[in-house]
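Enquirer: PDB, C-alpha atoms, pLDDT in the B column, file my_file29.pdb:
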```
ATOM      1  CA  MET Z 531      15.396   7.571  21.175  1.00 72.00           C
ATOM      2  CA  ARG Z 532      18.786   8.575  19.822  1.00 78.00           C
ATOM      3  CA  ALA Z 533      19.893   4.942  19.566  1.00 81.00           C
ATOM      4  CA  LEU Z 534      16.713   4.085  17.666  1.00 75.00           C
ATOM      5  CA  LEU Z 535      17.302   6.905  15.170  1.00 70.00           C
ATOM      6  CA  GLU Z 536      20.934   5.910  14.716  1.00 71.00           C
ATOM      7  CA  ARG Z 537      19.969   2.288  14.051  1.00 74.00           C
ATOM      8  CA  GLN Z 538      17.373   3.347  11.512  1.00 71.00           C
ATOM      9  CA  LEU Z 539      19.469   5.994   9.751  1.00 71.00           C
ATOM     10  CA  TYR Z 540      22.608   3.911   9.485  1.00 73.00           C
ATOM     11  CA  HIS Z 541      20.787   0.851   8.215  1.00 73.00           C
ATOM     12  CA  PRO Z 542      22.044  -0.127   4.707  1.00 75.00           C
ATOM     13  CA  ALA Z 543      18.466  -0.252   3.385  1.00 75.00           C
ATOM     14  CA  VAL Z 544      18.220   3.486   4.115  1.00 72.00           C
ATOM     15  CA  VAL Z 545      21.756   4.651   3.408  1.00 77.00           C
ATOM     16  CA  LEU Z 546      22.436   2.877   0.112  1.00 82.00           C
ATOM     17  CA  PRO Z 547      19.408   4.277  -1.767  1.00 82.00           C
ATOM     18  CA  MET Z 548      20.245   7.759  -0.446  1.00 80.00           C
ATOM     19  CA  VAL Z 549      23.824   7.453  -1.713  1.00 84.00           C
ATOM     20  CA  SER Z 550      22.582   6.173  -5.054  1.00 84.00           C
ATOM     21  CA  LEU Z 551      20.160   9.096  -5.344  1.00 83.00           C
ATOM     22  CA  MET Z 552      22.929  11.556  -4.518  1.00 85.00           C
ATOM     23  CA  GLN Z 553      25.146  10.032  -7.214  1.00 86.00           C
ATOM     24  CA  ILE Z 554      22.359  10.403  -9.767  1.00 83.00           C
ATOM     25  CA  MET Z 555      21.694  13.995  -8.695  1.00 84.00           C
ATOM     26  CA  VAL Z 556      25.375  14.912  -9.014  1.00 86.00           C
ATOM     27  CA  ALA Z 557      25.591  13.253 -12.423  1.00 84.00           C
ATOM     28  CA  GLN Z 558      22.526  15.202 -13.611  1.00 78.00           C
ATOM     29  CA  ASP Z 559      23.637  18.516 -12.059  1.00 81.00           C
ATOM     30  CA  PHE Z 560      20.764  18.379  -9.547  1.00 77.00           C
ATOM     31  CA  ASN Z 561      18.113  18.685 -12.269  1.00 82.00           C
ATOM     32  CA  LEU Z 562      15.150  17.203 -10.405  1.00 81.00           C
ATOM     33  CA  SER Z 563      13.091  16.471 -13.509  1.00 85.00           C
ATOM     34  CA  GLN Z 564      15.883  14.416 -15.060  1.00 84.00           C
ATOM     35  CA  VAL Z 565      16.573  12.706 -11.739  1.00 83.00           C
ATOM     36  CA  GLY Z 566      12.862  11.839 -11.438  1.00 84.00           C
ATOM     37  CA  VAL Z 567      12.821  10.309 -14.906  1.00 87.00           C
ATOM     38  CA  LEU Z 568      15.982   8.304 -14.171  1.00 84.00           C
ATOM     39  CA  VAL Z 569      14.654   7.033 -10.848  1.00 84.00           C
ATOM     40  CA  ALA Z 570      11.339   6.038 -12.429  1.00 89.00           C
ATOM     41  CA  THR Z 571      13.130   4.286 -15.293  1.00 90.00           C
ATOM     42  CA  MET Z 572      15.441   2.410 -12.935  1.00 86.00           C
ATOM     43  CA  GLY Z 573      12.481   1.367 -10.793  1.00 88.00           C
ATOM     44  CA  ALA Z 574      10.568   0.138 -13.822  1.00 92.00           C
ATOM     45  CA  ARG Z 575      13.573  -1.861 -15.007  1.00 91.00           C
ATOM     46  CA  ARG Z 576      13.997  -3.472 -11.607  1.00 89.00           C
ATOM     47  CA  ALA Z 577      10.292  -4.282 -11.399  1.00 92.00           C
ATOM     48  CA  LEU Z 578      10.376  -5.832 -14.874  1.00 94.00           C
ATOM     49  CA  GLN Z 579      13.479  -7.850 -14.021  1.00 92.00           C
ATOM     50  CA  ARG Z 580      11.918  -9.076 -10.777  1.00 91.00           C
ATOM     51  CA  SER Z 581       8.673 -10.064 -12.501  1.00 92.00           C
ATOM     52  CA  ARG Z 582      10.637 -11.978 -15.151  1.00 90.00           C
ATOM     53  CA  GLU Z 583      12.552 -13.802 -12.407  1.00 90.00           C
ATOM     54  CA  LEU Z 584       9.301 -14.739 -10.695  1.00 89.00           C
ATOM     55  CA  ILE Z 585       7.692 -15.928 -13.916  1.00 89.00           C
ATOM     56  CA  CYS Z 586      10.754 -18.038 -14.741  1.00 87.00           C
ATOM     57  CA  ALA Z 587      10.806 -19.491 -11.232  1.00 84.00           C
ATOM     58  CA  VAL Z 588       7.122 -20.465 -11.479  1.00 83.00           C
ATOM     59  CA  HIS Z 589       7.566 -21.864 -14.972  1.00 76.00           C
ATOM     60  CA  HIS Z 590      10.499 -24.054 -13.939  1.00 73.00           C
ATOM     61  CA  CYS Z 591       8.691 -25.302 -10.841  1.00 61.00           C
ATOM     62  CA  ASN Z 592       5.663 -26.410 -12.880  1.00 57.00           C
ATOM     63  CA  ALA Z 593       7.706 -28.067 -15.627  1.00 51.00           C
TER      64      ALA Z 593
END
```
How does this structure look as structure tokens?
Expert:
Amino acid sequence: MRALLERQLYHPAVVLPMVSLMQIMVAQDFNLSQVGVLVATMGARRALQRSRELICAVHHCNA
């Protein structure tokens, strides 16, 4: 069980977002409302960027 937890906790997909969140929290003096707004904004930007990439990929494939 310990090995399973270590594999899961030390996985980059888990650790990197946690480190990023901690950096944001330190930059915003641990103000959770500001951190929430920043996280939501960053997520929306990434989602928009990803959707644009997908639309461009589909457009180029059909052209």
Enquirer: Could you work out an axis-aligned box for segment 587-591 of chain Z, taking every atom the file lists and adding 4 Å on each side, and report centre and edge lengths in Å to one decimal, as lines of an AutoDock Vina configuration file?
Expert:
```
center_x = 9.0
center_y = -22.4
center_z = -12.9
size_x = 11.7
size_y = 13.8
size_z = 12.1
```
Enquirer: What is the distance, in Å and to one decimal place, between atom CA of Ala587 of chain Z and atom CA of Thr571 of chain Z?
Expert: 24.2 Å
Enquirer: What is the atom CA of Val565 of chain Z to atom CA of Leu546 of chain Z distance in Å?
Expert: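 Going from atom CA of Val565 of chain Z over to atom CA of Leu546 of chain Z, I get 16.5 Å.
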Enquirer: One decimal, in Å: what's the spacing between atom CA of Pro547 of chain Z and atom CA of Leu535 of chain Z?
Expert: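 A separation of 17.3 Å between them.
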Enquirer: Can you complete the atoms of segment 548-572 of chain Z to N, CA and C atoms and list them as a short mmCIF file (atom, residue, chain, number, x, y, z; two decimals), in the coordinates of the input?
Expert:
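New file out.cif:
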```cif
data_model
loop_
_atom_site.label_atom_id
_atom_site.label_comp_id
_atom_site.auth_asym_id
_atom_site.auth_seq_id
_atom_site.Cartn_x
_atom_site.Cartn_y
_atom_site.Cartn_z
N MET Z 548 19.94 6.33 -0.54
CA MET Z 548 20.24 7.76 -0.45
C MET Z 548 21.55 8.09 -1.18
N VAL Z 549 22.54 7.24 -1.02
CA VAL Z 549 23.82 7.45 -1.71
C VAL Z 549 23.63 7.34 -3.21
N SER Z 550 22.86 6.35 -3.64
CA SER Z 550 22.58 6.17 -5.05
C SER Z 550 21.86 7.39 -5.63
N LEU Z 551 20.88 7.90 -4.90
CA LEU Z 551 20.16 9.10 -5.34
C LEU Z 551 21.10 10.29 -5.44
N MET Z 552 21.98 10.44 -4.48
CA MET Z 552 22.93 11.56 -4.52
C MET Z 552 23.86 11.44 -5.73
N GLN Z 553 24.29 10.23 -6.04
CA GLN Z 553 25.15 10.03 -7.21
C GLN Z 553 24.41 10.42 -8.50
N ILE Z 554 23.15 10.04 -8.59
CA ILE Z 554 22.36 10.40 -9.77
C ILE Z 554 22.19 11.92 -9.84
N MET Z 555 21.89 12.54 -8.70
CA MET Z 555 21.69 14.00 -8.70
C MET Z 555 22.97 14.73 -9.10
N VAL Z 556 24.11 14.27 -8.64
CA VAL Z 556 25.38 14.91 -9.01
C VAL Z 556 25.64 14.71 -10.50
N ALA Z 557 25.37 13.53 -11.00
CA ALA Z 557 25.59 13.25 -12.42
C ALA Z 557 24.68 14.10 -13.31
N GLN Z 558 23.49 14.42 -12.82
CA GLN Z 558 22.53 15.20 -13.61
C GLN Z 558 22.50 16.67 -13.21
N ASP Z 559 23.52 17.12 -12.50
CA ASP Z 559 23.64 18.52 -12.06
C ASP Z 559 22.41 18.97 -11.27
N PHE Z 560 21.88 18.10 -10.45
CA PHE Z 560 20.76 18.38 -9.55
C PHE Z 560 19.49 18.82 -10.27
N ASN Z 561 19.33 18.40 -11.52
CA ASN Z 561 18.11 18.68 -12.27
C ASN Z 561 17.07 17.67 -11.82
N LEU Z 562 16.11 18.13 -11.02
CA LEU Z 562 15.15 17.20 -10.40
C LEU Z 562 14.25 16.50 -11.42
N SER Z 563 13.94 17.14 -12.52
CA SER Z 563 13.09 16.47 -13.51
C SER Z 563 13.84 15.31 -14.15
N GLN Z 564 15.10 15.51 -14.49
CA GLN Z 564 15.88 14.42 -15.06
C GLN Z 564 16.11 13.31 -14.04
N VAL Z 565 16.38 13.69 -12.80
CA VAL Z 565 16.57 12.71 -11.74
C VAL Z 565 15.29 11.89 -11.55
N GLY Z 566 14.14 12.54 -11.58
CA GLY Z 566 12.86 11.84 -11.44
C GLY Z 566 12.64 10.83 -12.55
N VAL Z 567 12.97 11.22 -13.77
CA VAL Z 567 12.82 10.31 -14.91
C VAL Z 567 13.77 9.13 -14.75
N LEU Z 568 15.02 9.39 -14.35
CA LEU Z 568 15.98 8.30 -14.17
C LEU Z 568 15.55 7.35 -13.06
N VAL Z 569 15.09 7.88 -11.96
CA VAL Z 569 14.65 7.03 -10.85
C VAL Z 569 13.45 6.19 -11.26
N ALA Z 570 12.51 6.79 -11.96
CA ALA Z 570 11.34 6.04 -12.43
C ALA Z 570 11.74 4.95 -13.42
N THR Z 571 12.66 5.27 -14.32
CA THR Z 571 13.13 4.29 -15.29
C THR Z 571 13.85 3.13 -14.61
N MET Z 572 14.72 3.46 -13.66
CA MET Z 572 15.44 2.41 -12.94
C MET Z 572 14.47 1.53 -12.14
#
```
